[in-house]
>>> print(open('protein_17.cif').read())   # mmCIF, C-alpha atoms
data_data
loop_
_atom_site.label_atom_id
_atom_site.label_comp_id
_atom_site.auth_asym_id
_atom_site.auth_seq_id
_atom_site.Cartn_x
_atom_site.Cartn_y
_atom_site.Cartn_z
CA MET A 971 -20.62 -5.72 4.03
CA SER A 972 -20.18 -6.86 7.60
CA ALA A 973 -20.36 -4.22 10.31
CA ASN A 974 -18.00 -6.14 12.60
CA LEU A 975 -14.73 -5.27 10.87
CA GLY A 976 -12.19 -4.04 13.39
CA CYS A 977 -9.30 -3.22 11.09
CA VAL A 978 -9.39 -2.80 7.33
CA VAL A 979 -6.05 -2.21 5.60
CA VAL A 980 -6.21 -0.44 2.24
CA ALA A 981 -2.91 -0.59 0.32
CA VAL A 982 -2.25 2.45 -1.86
CA ASP A 983 0.57 3.06 -4.33
CA GLY A 984 -0.64 6.21 -6.03
CA SER A 985 -2.14 4.42 -9.02
CA GLU A 986 -5.70 5.13 -10.16
CA GLU A 987 -6.50 1.51 -9.32
CA SER A 988 -5.39 1.82 -5.70
CA MET A 989 -7.32 5.06 -5.20
CA TYR A 990 -10.39 3.40 -6.68
CA ALA A 991 -9.95 0.54 -4.18
CA LEU A 992 -9.75 3.13 -1.37
CA ARG A 993 -13.00 4.75 -2.52
CA PHE A 994 -14.62 1.33 -2.80
CA ALA A 995 -13.59 0.41 0.76
CA LEU A 996 -14.80 3.71 2.23
CA ASP A 997 -18.13 3.50 0.37
CA ASN A 998 -18.91 -0.18 0.89
CA LEU A 999 -17.34 -1.50 4.08
CA LYS A 1000 -18.88 -1.02 7.51
CA LEU A 1001 -16.55 -0.92 10.49
CA ARG A 1002 -17.34 -2.17 13.96
CA SER A 1003 -19.21 0.49 15.93
CA PRO A 1004 -19.51 -0.75 19.52
CA ALA A 1005 -22.29 0.26 21.88
CA PRO A 1006 -21.44 3.16 24.24
CA ASP A 1007 -21.20 0.82 27.26
CA SER A 1008 -19.04 -1.73 25.41
CA THR A 1009 -15.32 -2.25 26.00
CA GLU A 1010 -14.87 -3.15 22.34
CA THR A 1011 -12.80 -0.68 20.31
CA PRO A 1012 -14.33 0.90 17.21
CA GLY A 1013 -13.11 -0.29 13.84
CA SER A 1014 -10.60 1.64 11.75
CA PHE A 1015 -9.33 1.98 8.23
CA VAL A 1016 -5.55 1.88 7.85
CA ILE A 1017 -4.12 3.41 4.69
CA LEU A 1018 -0.88 1.56 3.97
CA HIS A 1019 1.81 2.73 1.59
CA VAL A 1020 4.94 0.67 1.00
CA GLN A 1021 7.91 2.70 -0.12
CA PRO A 1022 10.59 0.69 -1.93
CA PRO A 1023 14.14 0.83 -0.56
CA PRO A 1024 16.36 3.34 -2.40
CA SER A 1025 18.29 0.63 -4.26
CA ILE A 1026 15.08 -0.87 -5.66
CA ALA A 1027 13.60 2.55 -6.47
CA ALA A 1028 16.66 3.45 -8.51
CA GLY A 1029 16.73 0.07 -10.21
CA LEU A 1030 20.17 -0.50 -8.83
CA ASN A 1031 21.79 -3.73 -7.97
CA PRO A 1032 25.38 -2.63 -8.18
CA GLY A 1033 27.94 -5.25 -9.00
CA ALA A 1034 31.53 -5.22 -7.93
CA ILE A 1035 33.64 -2.32 -9.11
CA PRO A 1036 36.14 -3.62 -11.65
CA PHE A 1037 39.88 -3.81 -10.96
CA GLY A 1038 39.63 -4.59 -7.26
CA GLY A 1039 37.42 -1.75 -6.02
CA PRO A 1040 35.12 -2.26 -3.04
CA SER A 1041 32.08 -4.40 -3.83
CA ASP A 1042 29.71 -2.73 -1.37
CA LEU A 1043 30.27 0.88 -2.40
CA GLU A 1044 27.32 3.16 -1.80
CA VAL A 1045 27.23 6.78 -2.86
CA PRO A 1046 25.65 8.63 0.10
CA ALA A 1047 24.60 11.73 -1.85
CA PHE A 1048 22.90 9.59 -4.50
CA THR A 1049 21.11 7.51 -1.87
CA ALA A 1050 20.04 10.65 0.02
CA ALA A 1051 18.65 12.19 -3.18
CA ILE A 1052 16.66 9.03 -3.95
CA GLU A 1053 15.31 8.91 -0.39
CA ALA A 1054 14.26 12.57 -0.53
CA HIS A 1055 12.52 11.99 -3.86
CA GLN A 1056 10.73 8.94 -2.47
CA ARG A 1057 9.56 10.93 0.57
CA ARG A 1058 8.05 13.55 -1.75
CA ILE A 1059 6.28 10.84 -3.77
CA THR A 1060 5.00 9.20 -0.58
CA GLU A 1061 3.72 12.55 0.74
CA ALA A 1062 1.86 13.19 -2.54
CA ILE A 1063 0.30 9.71 -2.51
CA LEU A 1064 -0.80 10.04 1.12
CA GLU A 1065 -2.15 13.55 0.54
CA HIS A 1066 -4.29 12.24 -2.33
CA ALA A 1067 -5.53 9.34 -0.17
CA SER A 1068 -6.22 11.70 2.75
CA GLU A 1069 -8.17 14.02 0.46
CA ILE A 1070 -10.40 11.11 -0.59
CA CYS A 1071 -10.96 10.24 3.09
CA ARG A 1072 -11.81 13.87 3.94
CA GLU A 1073 -14.34 13.96 1.08
CA LYS A 1074 -15.97 10.85 2.55
CA LYS A 1075 -15.70 12.28 6.09
CA VAL A 1076 -13.80 9.21 7.30
CA ASN A 1077 -10.93 9.34 9.76
CA VAL A 1078 -8.16 6.90 8.95
CA LYS A 1079 -4.82 5.82 10.31
CA ILE A 1080 -1.86 6.08 7.96
CA GLN A 1081 1.09 3.73 7.95
CA VAL A 1082 4.21 3.87 5.76
CA VAL A 1083 6.73 1.05 5.66
CA ILE A 1084 9.84 0.52 3.54
CA GLY A 1085 10.49 -2.70 1.68
CA ASP A 1086 9.12 -5.02 -0.97
CA PRO A 1087 5.38 -4.28 -1.32
CA LYS A 1088 4.46 -7.95 -1.71
CA GLU A 1089 6.06 -8.91 1.56
CA LYS A 1090 5.36 -5.76 3.58
CA ILE A 1091 1.63 -5.57 2.82
CA CYS A 1092 1.14 -9.13 4.06
CA GLU A 1093 3.40 -8.49 7.07
CA VAL A 1094 1.54 -5.33 8.15
CA ALA A 1095 -1.86 -7.01 7.65
CA GLU A 1096 -0.76 -9.89 9.87
CA ASN A 1097 0.87 -7.73 12.57
CA LEU A 1098 -2.02 -5.27 13.06
CA PRO A 1099 -3.95 -7.76 12.77
CA ALA A 1100 -6.24 -6.84 9.88
CA ASP A 1101 -9.69 -8.32 9.45
CA LEU A 1102 -9.58 -7.47 5.76
CA LEU A 1103 -7.05 -6.28 3.17
CA VAL A 1104 -8.28 -4.18 0.24
CA MET A 1105 -6.16 -3.36 -2.78
CA GLY A 1106 -6.43 -2.43 -6.42
CA SER A 1107 -5.18 -4.42 -9.36
CA ARG A 1108 -3.34 -2.99 -12.33
CA SER A 1109 -4.36 -6.00 -14.44
CA PHE A 1110 -0.95 -6.67 -15.95
CA GLY A 1111 -0.99 -9.10 -18.82
CA PRO A 1112 0.80 -12.44 -18.49
CA ILE A 1113 4.15 -11.16 -19.83
CA LYS A 1114 4.36 -8.10 -17.56
CA ARG A 1115 3.13 -10.16 -14.61
CA MET A 1116 5.86 -12.75 -15.26
CA PHE A 1117 8.62 -10.12 -15.12
CA LEU A 1118 7.18 -7.63 -12.63
CA GLY A 1119 5.12 -9.96 -10.51
CA SER A 1120 1.68 -9.24 -9.19
CA VAL A 1121 1.44 -7.72 -5.74
CA SER A 1122 -2.29 -8.42 -5.51
CA ASN A 1123 -1.81 -12.05 -6.57
CA HIS A 1124 0.95 -12.53 -3.99
CA CYS A 1125 -1.17 -10.99 -1.22
CA THR A 1126 -4.19 -13.09 -2.16
CA ASN A 1127 -2.08 -16.20 -1.68
CA HIS A 1128 -0.03 -15.14 1.37
CA ALA A 1129 -2.06 -12.70 3.51
CA GLN A 1130 -3.40 -14.15 6.76
CA CYS A 1131 -6.75 -12.36 6.33
CA PRO A 1132 -9.37 -12.17 3.58
CA VAL A 1133 -8.35 -10.01 0.61
CA ILE A 1134 -10.59 -7.97 -1.68
CA ILE A 1135 -9.07 -7.07 -5.05
CA VAL A 1136 -10.93 -4.13 -6.55
CA LYS A 1137 -10.66 -3.91 -10.33
CA GLY A 1138 -11.16 -0.64 -12.11
CA LYS A 1139 -9.77 2.88 -12.15
CA ASP A 1140 -10.71 5.90 -10.13
CA PRO A 1141 -12.80 8.07 -12.47
CA SER A 1142 -11.89 11.22 -10.52
CA SER A 1143 -8.11 10.81 -11.01
#
>>> encode(input="protein_17.cif", output="structure tokens")
Amino acid sequence: MSANLGCVVVAVDGSEESMYALRFALDNLKLRSPAPDSTETPGSFVILHVQPPPSIAAGLNPGAIPFGGPSDLEVPAFTAAIEAHQRRITEAILEHASEICREKKVNVKIQVVIGDPKEKICEVAENLPADLLVMGSRSFGPIKRMFLGSVSNHCTNHAQCPVIIVKGKDPSS
């Protein structure tokens, strides 16, 4: 592929599909490599992981407490435990992604954001700005996709840069 890519964002979520997309990007995409006397910056891969907010990660959308209790009650210890668990998951995902990059002898930048993956992936790709967004697809069927949504489908329709959806699973996972 083109050797004039300045910034390629690869979204990873720890799934085999996202790690396969990372390997695909590292193996098949050529980044910009300016001449020594050029002022142009070399291209870079950005590994992006979106960590869901604690309330989403726990599947919580607490309603009002019955009998007149406060409606915005948050249990700090519970939230802290969820956040700590999410940090450990994020560290494991990024370590796996970094290991793949080391195997390929590619230096990458790593970015972690918190929020809804659909929105945050598009937002980061736009703000960098990315020349290309690469992501895997879990290939949910129509029923699962209706209830869970498709991050890759959303990004294909909303990202401000071209998007490559890599189908398949990482055979080394």
>>> closest_residue(input="protein_17.cif", among="A:Glu1053, A:Ser1068, A:Pro1046, A:Val1016", to="Ala981 of chain A", atoms="all atoms listed in the file")
A:Val1016
>>> residues_near_point(input="protein_17.cif", point="(4.7, -10.0, -3.5)", cutoff="7 Å", atoms="all atoms listed in the file", output="NGL selection string")
:A and (1087-1089 or 1120-1121 or 1124-1125)
>>> write_last_selection(input="protein_17.cif", atoms="C-alpha atoms", output="mmCIF file, in the coordinates of the input")
data_model
loop_
_atom_site.group_PDB
_atom_site.id
_atom_site.type_symbol
_atom_site.label_atom_id
_atom_site.label_comp_id
_atom_site.auth_asym_id
_atom_site.auth_seq_id
_atom_site.Cartn_x
_atom_site.Cartn_y
_atom_site.Cartn_z
ATOM 1 C CA PRO A 1087 5.380 -4.280 -1.320
ATOM 2 C CA LYS A 1088 4.460 -7.950 -1.710
ATOM 3 C CA GLU A 1089 6.060 -8.910 1.560
ATOM 4 C CA SER A 1120 1.680 -9.240 -9.190
ATOM 5 C CA VAL A 1121 1.440 -7.720 -5.740
ATOM 6 C CA HIS A 1124 0.950 -12.530 -3.990
ATOM 7 C CA CYS A 1125 -1.170 -10.990 -1.220
#
>>> resolve_selection(input="protein_17.cif", expression="the PyMOL selection byres ((chain A and resi 1086) around 8)", output="PyMOL selection string")
chain A and resi 1020-1023+1084-1085+1087-1090
>>> atom_distance(input="protein_17.cif", atom1="atom CA of Pro1004 of chain A", atom2="atom CA of Glu1093 of chain A")
27.2 Å
>>> closest_residue(input="protein_17.cif", among="A:Ser1014, A:His1019, A:Leu1102, A:Lys1139", to="Ala1062 of chain A", atoms="all atoms listed in the file")
A:His1019
